[in-house]
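Everything below concerns the one structure shown next.
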Amino acid sequence: MVQRQRSPSEGISLQKEVNKLFEQLAHFERTGTELGLGEWFPSIDVFETNDNLLIKIEAPGMNKNDLSIVCHGHKLVVTGEKKRPKEDKRVASYICIERSFGRFERTIQIDPAVQMKKASATLGHGVLTITMPKLKDRRGSELRLPIKEID
């Protein structure tokens, strides 16, 4: 069996990708170190397009009244509650319960290069989608300030 040796540049490239992943993960925070009774932690995706920063949060069985989105500086805080459905009277005992219910809070670090005042949120098919338009790149643009002469 022939094993291919990686070149040093491949190793450095891989290390850069791993570092980038850890930097991205460091932007996500959770309140406290442990989940309390009745709390759960919905999965999220954060990605960007040419024009927007998008956040998708799993919110199955929830409606807009179950959710809240608040921006504190460069942090976006999403809270909500997934309510447990009413018990089925026909169930004698459960064999397995894996679905999570209860309150949650997710805090996401937001890049300051987005327009929070133009952000929007939609909820559909069990996914909360938050869209934040990115600021246009102003590098290379010229802004001339008028000079006022005072006596």
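Labeling convention for the structure tokens: chains A, B, ... as they appear, residues from 1 per chain, ligands from 1 in order of appearance.
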Neighbour list for stretch 125-134 of chain A as a VMD selection string, cut-off 12 Å, only C-alpha atoms, skip fewer than 2 positions in-chain: chain A and resid 42 to 64 66 to 71 76 to 80 82 108 110 to 123 136 to 138
Save the residues we just selected, N, CA and C atoms, as a short mmCIF file (atom, residue, chain, number, x, y, z; two decimals), in the first residue's frame?
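Output file part-v5.cif is given in full below:
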data_model
loop_
_atom_site.label_atom_id
_atom_site.label_comp_id
_atom_site.auth_asym_id
_atom_site.auth_seq_id
_atom_site.Cartn_x
_atom_site.Cartn_y
_atom_site.Cartn_z
N PRO A 42 -30.99 24.96 20.44
CA PRO A 42 -31.27 24.68 19.03
C PRO A 42 -30.03 24.87 18.16
N SER A 43 -29.93 24.11 17.09
CA SER A 43 -28.82 24.21 16.16
C SER A 43 -28.97 25.46 15.31
N ILE A 44 -27.81 26.05 14.95
CA ILE A 44 -27.85 27.24 14.10
C ILE A 44 -26.81 27.12 12.99
N ASP A 45 -27.06 27.84 11.91
CA ASP A 45 -26.11 28.01 10.82
C ASP A 45 -25.92 29.51 10.64
N VAL A 46 -24.68 29.95 10.50
CA VAL A 46 -24.38 31.35 10.21
C VAL A 46 -23.55 31.36 8.94
N PHE A 47 -24.00 32.12 7.94
CA PHE A 47 -23.25 32.19 6.69
C PHE A 47 -23.51 33.52 6.02
N GLU A 48 -22.74 33.80 5.01
CA GLU A 48 -22.94 35.06 4.31
C GLU A 48 -23.02 34.85 2.81
N THR A 49 -23.74 35.75 2.18
CA THR A 49 -23.82 35.83 0.73
C THR A 49 -23.08 37.11 0.35
N ASN A 50 -23.12 37.46 -0.92
CA ASN A 50 -22.46 38.70 -1.33
C ASN A 50 -23.08 39.92 -0.64
N ASP A 51 -24.39 39.85 -0.36
CA ASP A 51 -25.10 41.02 0.16
C ASP A 51 -25.54 40.93 1.61
N ASN A 52 -25.63 39.71 2.17
CA ASN A 52 -26.22 39.55 3.50
C ASN A 52 -25.44 38.61 4.39
N LEU A 53 -25.61 38.81 5.71
CA LEU A 53 -25.21 37.84 6.72
C LEU A 53 -26.51 37.14 7.11
N LEU A 54 -26.51 35.81 7.09
CA LEU A 54 -27.73 35.05 7.38
C LEU A 54 -27.50 34.13 8.57
N ILE A 55 -28.52 34.03 9.40
CA ILE A 55 -28.51 33.12 10.55
C ILE A 55 -29.77 32.29 10.45
N LYS A 56 -29.61 30.97 10.49
CA LYS A 56 -30.76 30.07 10.47
C LYS A 56 -30.74 29.27 11.77
N ILE A 57 -31.88 29.28 12.45
CA ILE A 57 -32.02 28.61 13.74
C ILE A 57 -33.17 27.63 13.67
N GLU A 58 -32.91 26.40 14.07
CA GLU A 58 -33.98 25.40 14.10
C GLU A 58 -35.02 25.79 15.14
N ALA A 59 -36.27 25.85 14.72
CA ALA A 59 -37.36 26.22 15.63
C ALA A 59 -38.61 25.40 15.31
N PRO A 60 -38.50 24.06 15.31
CA PRO A 60 -39.65 23.24 14.95
C PRO A 60 -40.79 23.37 15.96
N GLY A 61 -41.99 23.46 15.44
CA GLY A 61 -43.17 23.52 16.31
C GLY A 61 -43.35 24.85 17.01
N MET A 62 -42.58 25.86 16.63
CA MET A 62 -42.68 27.16 17.28
C MET A 62 -43.35 28.16 16.34
N ASN A 63 -43.98 29.20 16.93
CA ASN A 63 -44.52 30.28 16.13
C ASN A 63 -43.83 31.58 16.54
N LYS A 64 -44.12 32.68 15.85
CA LYS A 64 -43.41 33.93 16.09
C LYS A 64 -43.58 34.44 17.52
N ASP A 66 -43.45 32.66 20.13
CA ASP A 66 -42.57 31.87 20.99
C ASP A 66 -41.13 32.36 20.94
N LEU A 67 -40.83 33.34 20.07
CA LEU A 67 -39.45 33.77 19.81
C LEU A 67 -39.26 35.25 20.05
N SER A 68 -38.02 35.63 20.38
CA SER A 68 -37.65 37.03 20.54
C SER A 68 -36.22 37.21 20.01
N ILE A 69 -35.99 38.31 19.28
CA ILE A 69 -34.67 38.62 18.75
C ILE A 69 -34.33 40.03 19.18
N VAL A 70 -33.19 40.19 19.89
CA VAL A 70 -32.78 41.49 20.40
C VAL A 70 -31.30 41.68 20.08
N CYS A 71 -30.93 42.89 19.66
CA CYS A 71 -29.54 43.20 19.38
C CYS A 71 -29.00 44.08 20.50
N LEU A 76 -26.23 39.47 18.96
CA LEU A 76 -27.62 39.19 18.64
C LEU A 76 -28.08 38.11 19.60
N VAL A 77 -29.14 38.37 20.36
CA VAL A 77 -29.65 37.42 21.35
C VAL A 77 -31.01 36.91 20.88
N VAL A 78 -31.09 35.60 20.67
CA VAL A 78 -32.34 34.97 20.25
C VAL A 78 -32.80 34.09 21.41
N THR A 79 -34.01 34.35 21.89
CA THR A 79 -34.59 33.55 22.97
C THR A 79 -35.92 32.99 22.49
N GLY A 80 -36.33 31.93 23.13
CA GLY A 80 -37.60 31.34 22.77
C GLY A 80 -37.97 30.20 23.69
N LYS A 82 -39.87 26.31 23.29
CA LYS A 82 -40.54 25.23 22.55
C LYS A 82 -41.40 24.48 23.56
N ILE A 108 -25.15 35.41 19.59
CA ILE A 108 -24.29 35.29 18.42
C ILE A 108 -23.56 36.60 18.22
N ILE A 110 -21.97 39.43 16.22
CA ILE A 110 -22.26 39.94 14.88
C ILE A 110 -21.14 40.86 14.42
N ASP A 111 -20.73 40.69 13.20
CA ASP A 111 -19.74 41.56 12.59
C ASP A 111 -20.32 42.97 12.51
N PRO A 112 -19.55 43.98 12.88
CA PRO A 112 -20.10 45.34 12.85
C PRO A 112 -20.39 45.86 11.44
N ALA A 113 -19.99 45.13 10.42
CA ALA A 113 -20.21 45.58 9.04
C ALA A 113 -21.57 45.16 8.48
N VAL A 114 -22.59 45.09 9.35
CA VAL A 114 -23.95 44.80 8.89
C VAL A 114 -24.87 45.95 9.30
N GLN A 115 -25.97 46.07 8.59
CA GLN A 115 -26.95 47.12 8.86
C GLN A 115 -28.08 46.54 9.72
N MET A 116 -27.90 46.58 11.04
CA MET A 116 -28.89 45.98 11.94
C MET A 116 -30.27 46.62 11.81
N LYS A 117 -30.32 47.91 11.49
CA LYS A 117 -31.62 48.59 11.37
C LYS A 117 -32.40 48.10 10.16
N LYS A 118 -31.73 47.45 9.22
CA LYS A 118 -32.41 46.92 8.04
C LYS A 118 -32.54 45.40 8.09
N ALA A 119 -32.25 44.82 9.25
CA ALA A 119 -32.35 43.36 9.41
C ALA A 119 -33.81 42.93 9.38
N SER A 120 -34.03 41.68 8.99
CA SER A 120 -35.39 41.13 8.98
C SER A 120 -35.33 39.67 9.44
N ALA A 121 -36.47 39.16 9.86
CA ALA A 121 -36.55 37.77 10.31
C ALA A 121 -37.81 37.13 9.76
N THR A 122 -37.68 35.86 9.35
CA THR A 122 -38.82 35.09 8.88
C THR A 122 -38.81 33.74 9.58
N LEU A 123 -39.98 33.17 9.72
CA LEU A 123 -40.12 31.86 10.33
C LEU A 123 -40.96 30.99 9.40
N LYS A 136 -21.89 48.19 2.35
CA LYS A 136 -21.09 48.18 1.13
C LYS A 136 -19.66 48.55 1.50
N ASP A 137 -18.71 47.95 0.81
CA ASP A 137 -17.30 48.22 1.04
C ASP A 137 -16.98 49.64 0.61
N ARG A 138 -16.51 50.43 1.57
CA ARG A 138 -16.22 51.83 1.27
C ARG A 138 -14.73 52.08 1.05
#
DSSP helix (DSSP H, G or I) selection over stretch 25-107 of chain A, as a PyMOL selection string: chain A and resi 25-26+64-66
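Across the structure, atom CA of A:His72 and atom CA of A:Phe104 are spaced 17.3 Å apart.
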For atom CA of A:Glu81 and atom CA of A:Thr107, the interatomic separation in Å (one decimal):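 The value is 15.1 Å.
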Atom CA of A:Ser100 to atom CA of A:Glu87, distance in Å rounded to a single decimal: 14.7 Å
DSSP-assigned strand (DSSP E) members of stretch 70-138 of chain A, reported as a PyMOL selection string: chain A and resi 70-72+75-82+102-109+120-124+127-133
